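Have a look at coords.cif; it's mmCIF, C-alpha atoms:
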data_data
loop_
_atom_site.label_atom_id
_atom_site.label_comp_id
_atom_site.auth_asym_id
_atom_site.auth_seq_id
_atom_site.Cartn_x
_atom_site.Cartn_y
_atom_site.Cartn_z
CA MET D 1 136.91 108.81 84.94
CA LEU D 2 135.93 112.28 86.13
CA VAL D 3 135.77 115.08 83.57
CA SER D 4 136.41 118.65 84.61
CA SER D 5 134.57 121.47 82.87
CA HIS D 6 133.70 125.07 83.59
CA PHE D 7 130.73 127.35 83.05
CA MET D 8 129.12 130.37 84.67
CA ILE D 9 125.60 131.04 85.86
CA THR D 10 124.89 134.59 87.09
CA ILE D 11 121.68 136.05 88.46
CA THR D 12 121.95 139.83 88.87
CA VAL D 13 119.35 142.15 90.41
CA ILE D 14 119.63 145.96 90.59
CA SER D 15 117.53 147.86 93.09
CA TYR D 16 117.40 151.68 93.27
CA PHE D 17 117.00 153.00 96.77
CA TYR D 18 115.58 156.34 97.92
CA ARG D 19 116.97 159.11 100.05
CA SER D 20 114.87 162.04 101.35
CA GLY D 21 112.01 161.22 99.02
CA ALA D 22 114.08 161.45 95.82
CA GLU D 23 115.29 158.57 93.72
CA ASP D 24 119.02 157.87 94.02
CA THR D 25 120.46 156.85 90.66
CA ARG D 26 123.21 154.86 92.35
CA PRO D 27 121.99 151.28 92.67
CA LEU D 28 122.31 148.53 95.21
CA SER D 29 122.91 145.34 93.21
CA TRP D 30 123.35 141.70 94.08
CA ARG D 31 123.97 138.44 92.25
CA VAL D 32 124.63 134.73 92.78
CA ASP D 33 127.41 133.18 90.65
CA VAL D 34 128.31 129.56 89.89
CA ASP D 35 131.53 129.58 87.90
CA SER D 36 132.38 125.88 87.67
CA ILE D 37 130.73 122.46 87.69
CA ALA D 38 130.90 120.69 91.04
CA VAL D 39 131.57 116.97 90.65
CA ALA D 40 130.92 114.58 93.54
CA GLY D 41 134.05 113.15 95.08
CA CYS D 42 136.38 115.84 93.72
CA GLN D 43 138.43 118.29 95.75
CA GLU D 44 136.97 121.17 97.73
CA VAL D 45 135.31 123.71 95.42
CA THR D 46 133.21 126.86 95.54
CA LEU D 47 129.56 125.87 95.04
CA ALA D 48 128.11 129.40 94.86
CA THR D 49 129.09 133.01 95.50
CA CYS D 50 126.69 135.76 96.59
CA THR D 51 127.97 139.29 95.79
CA VAL D 52 126.53 142.68 96.75
CA ILE D 53 127.69 146.06 95.42
CA SER D 54 126.64 149.18 97.33
CA GLU D 55 127.61 152.78 98.04
CA LYS D 56 128.36 154.68 101.25
CA THR D 57 128.04 151.62 103.50
CA ALA D 58 128.82 147.96 103.02
CA ALA D 59 126.09 145.34 102.89
CA ARG D 60 126.03 142.33 105.18
CA VAL D 61 125.85 138.93 103.51
CA SER D 62 125.06 135.61 105.18
CA TRP D 63 123.58 132.22 104.25
CA ARG D 64 120.72 130.07 105.45
CA LEU D 65 121.95 126.53 104.80
CA GLY D 66 119.25 124.31 106.29
CA SER D 67 120.33 120.68 106.39
CA LEU D 68 123.71 121.58 104.83
CA SER D 69 124.81 123.79 107.73
CA ASP D 70 127.43 121.21 108.80
CA SER D 71 128.64 120.53 105.26
CA LEU D 72 129.13 123.96 103.68
CA LYS D 73 131.72 126.50 104.79
CA PRO D 74 130.98 130.19 104.06
CA SER D 75 133.96 132.39 103.18
CA SER D 76 133.57 136.17 103.00
CA ASN D 77 135.48 138.92 101.20
CA ASN D 78 134.90 142.69 101.67
CA VAL D 79 136.44 145.37 99.44
CA GLN D 80 136.11 149.16 99.76
CA HIS D 81 137.00 150.90 96.48
CA LEU D 82 138.47 154.40 96.19
CA ASP D 83 135.28 155.73 94.59
CA GLY D 84 133.23 154.85 97.67
CA ILE D 85 131.81 151.61 96.28
CA PHE D 86 131.69 148.53 98.52
CA THR D 87 131.83 144.97 97.17
CA VAL D 88 130.89 142.25 99.64
CA SER D 89 130.87 138.59 98.65
CA SER D 90 130.30 135.32 100.46
CA SER D 91 131.13 131.94 98.94
CA LEU D 92 130.01 128.45 99.90
CA ILE D 93 132.93 126.02 99.94
CA ALA D 94 132.73 122.25 100.33
CA VAL D 95 133.75 118.88 98.95
CA PRO D 96 130.73 118.10 96.72
CA THR D 97 128.59 115.06 97.52
CA VAL D 98 125.66 113.43 95.75
CA GLN D 99 123.39 114.34 98.67
CA MET D 100 124.05 118.06 98.14
CA ASN D 101 122.51 118.09 94.66
CA GLN D 102 119.33 120.21 94.41
CA GLN D 103 119.46 121.21 98.08
CA LEU D 104 118.04 124.69 98.67
CA VAL D 105 120.11 127.43 100.33
CA GLN D 106 119.42 131.16 100.75
CA CYS D 107 121.71 134.14 100.44
CA VAL D 108 120.54 136.77 102.95
CA ILE D 109 121.45 140.43 102.40
CA THR D 110 120.94 143.37 104.76
CA HIS D 111 121.76 146.99 104.00
CA ASP D 112 121.04 150.38 105.54
CA THR D 113 118.89 151.36 102.56
CA ARG D 114 116.57 148.38 102.94
CA LYS D 115 114.06 147.90 105.72
CA ALA D 116 113.72 144.18 105.10
CA GLU D 117 116.21 141.43 104.36
CA ILE D 118 116.79 140.42 100.77
CA GLU D 119 116.55 136.65 100.34
CA ILE D 120 117.89 134.89 97.23
CA ASP D 121 117.02 131.22 96.78
CA HIS D 122 119.67 129.02 95.19
CA ARG D 123 119.78 125.28 94.58
CA ILE D 124 123.12 123.55 94.81
CA LYS D 125 124.03 121.59 91.67
CA VAL D 126 126.40 118.62 91.82
CA HIS D 127 127.24 116.29 88.93
CA TYR D 128 127.83 112.59 89.57
CA PRO D 129 127.94 109.22 87.78
CA PRO D 130 125.03 106.73 88.03
CA GLN D 131 124.53 105.74 91.67
CA LEU D 132 121.58 103.39 91.59
CA VAL D 133 120.48 101.56 88.43
CA THR D 134 117.09 99.85 88.51
CA VAL D 135 115.22 97.66 86.03
CA THR D 136 111.44 97.79 86.41
CA PRO D 137 108.38 96.68 84.39
CA PHE D 138 107.16 99.06 81.71
CA ASN D 139 103.63 98.97 80.34
CA ASP D 140 103.46 98.42 76.59
CA PRO D 141 100.64 96.09 75.44
CA SER D 142 102.30 95.65 72.04
CA TYR D 143 104.83 93.26 73.59
CA ALA D 144 104.66 90.23 75.87
CA GLU D 145 106.71 92.03 78.52
CA VAL D 146 108.83 95.20 78.64
CA PHE D 147 111.39 96.33 81.21
CA GLN D 148 112.87 99.78 81.62
CA CYS D 149 116.33 100.67 82.91
CA GLU D 150 116.66 103.90 84.94
CA ALA D 151 119.56 105.48 86.79
CA ASP D 152 120.05 108.13 89.46
CA ALA D 153 122.67 110.33 87.79
CA ASN D 154 123.41 114.00 87.04
CA PRO D 155 123.43 114.71 84.19
CA PRO D 156 120.99 111.89 83.37
CA ALA D 157 122.40 108.69 81.90
CA THR D 158 122.25 108.80 78.12
CA ASP D 159 123.93 105.53 77.12
CA PHE D 160 122.31 102.18 77.93
CA THR D 161 123.58 98.74 76.97
CA TRP D 162 122.07 95.34 77.75
CA HIS D 163 123.71 91.93 78.01
CA SER D 164 123.13 88.47 79.44
CA LYS D 165 125.49 85.63 80.22
CA HIS D 166 123.09 82.87 79.17
CA VAL D 167 121.70 84.19 75.87
CA THR D 168 122.89 86.53 73.17
CA ILE D 169 120.70 89.62 72.91
CA PRO D 170 119.04 90.94 70.89
CA ASN D 171 117.62 87.82 69.23
CA ASP D 172 114.37 86.64 67.67
CA ALA D 173 112.69 86.67 71.10
CA ILE D 174 114.18 89.83 72.65
CA GLU D 175 114.55 93.35 71.30
CA ILE D 176 116.58 96.24 72.72
CA LYS D 177 115.68 99.90 72.22
CA GLY D 178 117.72 102.32 74.30
CA ASN D 179 116.92 101.82 77.96
CA LYS D 180 114.15 99.26 77.30
CA LEU D 181 114.25 95.47 77.00
CA TYR D 182 111.39 93.94 74.99
CA PHE D 183 110.31 90.30 75.31
CA LEU D 184 108.49 89.27 72.13
CA LYS D 185 107.42 85.96 73.65
CA LEU D 186 107.35 84.22 77.01
CA SER D 187 109.49 81.11 77.13
CA SER D 188 111.47 79.31 79.81
CA ASP D 189 114.37 79.26 77.35
CA LEU D 190 114.86 82.93 78.17
CA ASN D 191 115.06 82.43 81.93
CA GLY D 192 118.06 84.05 83.56
CA VAL D 193 119.68 87.34 84.57
CA TYR D 194 119.78 90.38 82.29
CA PHE D 195 122.12 93.29 82.98
CA CYS D 196 121.69 96.97 82.10
CA ASN D 197 124.73 99.23 81.99
CA ALA D 198 123.83 102.93 82.30
CA SER D 199 126.42 105.68 81.86
CA ASN D 200 126.94 109.42 81.62
CA MET D 201 130.09 111.50 81.13
CA TYR D 202 131.33 110.74 84.66
CA GLY D 203 130.98 106.97 84.84
CA ALA D 204 128.64 103.99 84.73
CA GLY D 205 126.46 101.81 86.92
CA VAL D 206 124.89 98.38 86.47
CA GLY D 207 121.40 97.13 87.26
CA SER D 208 120.01 93.62 86.82
CA LEU D 209 116.78 91.76 86.13
CA PHE D 210 116.16 88.14 87.08
CA TRP D 211 113.57 86.91 84.62
CA HIS D 212 111.82 83.57 85.12
CA GLN D 213 108.97 82.06 83.15
CA VAL D 214 107.27 78.83 84.21
CA GLU D 215 106.00 76.69 81.31
#
As structure tokens, what does this structure read like?
Amino acid sequence: MLVSSHFMITITVISYFYRSGAEDTRPLSWRVDVDSIAVAGCQEVTLATCTVISEKTAARVSWRLGSLSDSLKPSSNNVQHLDGIFTVSSSLIAVPTVQMNQQLVQCVITHDTRKAEIEIDHRIKVHYPPQLVTVTPFNDPSYAEVFQCEADANPPATDFTWHSKHVTIPNDAIEIKGNKLYFLKLSSDLNGVYFCNASNMYGAGVGSLFWHQVE
């Protein structure tokens, strides 16, 4: 089940530019907004919006997308207000995928009052259910053996459950604490497959451990 939720992240910068050696009190400002959570596999959404507010002349806004150049679609909107203010925005639109999460893009701004380009780094954020669940050894000398369950998920998996089809766990030989499976002793009676179910608010994934002890 996919859960829809909304939030806003805004980064705003105001820069005062100069004209004829005197400070102009009218600022050039820019910001990057994220107004909703992007969930992998959902419909096309806006992943980020870069907005610039200026006077006299409009700014030019573009994106450097790197490896996402074929996946993200920029959409621009320019407004000239009656008071001489210009608002220019460019949004990145796409169907979110797991691979987009944490990818770096840059909003690039040029304006007549600036000699150099303004570059704003932004990392795409995409939420998704557990994709890959792994069970690996964990070092804890207090126990015979310990295994840890981990999942690739955003937000991270917070609920872990363990089960096995051949033994009931926990028992006097096996303990369970969150994402860890503790073997208190090594016995062939415990041989078999153990499953870890990891979940977050968007779904669940399953990993397995084949455990075998030779007497």
How close does each residue of region 20-128 of chain D get to region 182-203 of chain D, giving the shortest atom pair and distance in Å to one decimal for every residue with an atom at most 9 Å away, counting all atoms listed in the file, sorted by chain and residue number, as JSON lines?
{"residue": "D:Val39", "atom": "CA", "partner": "D:Tyr202", "partner_atom": "CA", "distance": 8.6}
{"residue": "D:His127", "atom": "CA", "partner": "D:Tyr202", "partner_atom": "CA", "distance": 8.1}
{"residue": "D:Tyr128", "atom": "CA", "partner": "D:Tyr202", "partner_atom": "CA", "distance": 6.3}
Distance cut-off 10 Å, centre (119.1, 142.8, 103.6) in file coordinates, counting only C-alpha atoms: which residues qualify? Return them as a list in words.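 Those residues lying close to the given coordinates are Ala59, Arg60, Val61, Ser62, Cys107, Val108, Ile109, Thr110, His111, Asp112, Thr113, Arg114, Lys115, Ala116, Glu117, Ile118 and Glu119 of chain D.
With distances taken over all atoms listed in the file, D:Val45 is the one residue among D:Ala144, D:Val45, D:Leu132, D:Leu181 lying closest to Thr97 (chain D).
Of the listed residues D:Ile176, D:Val88, D:Val52, D:Ala40, the one whose atoms come nearest to Val146 (chain D) is D:Ile176, with distances taken using all atoms listed in the file.
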Atomic separation - CA of Thr134 (chain D) relative to CA of Cys149 (chain D), Å: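 It comes out at 5.7 Å.
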On this structure, which residues satisfy the PyMOL selection byres ((chain D and resi 68) around 9), written as a PyMOL selection string? chain D and resi 65-67+69-72+100+103-105
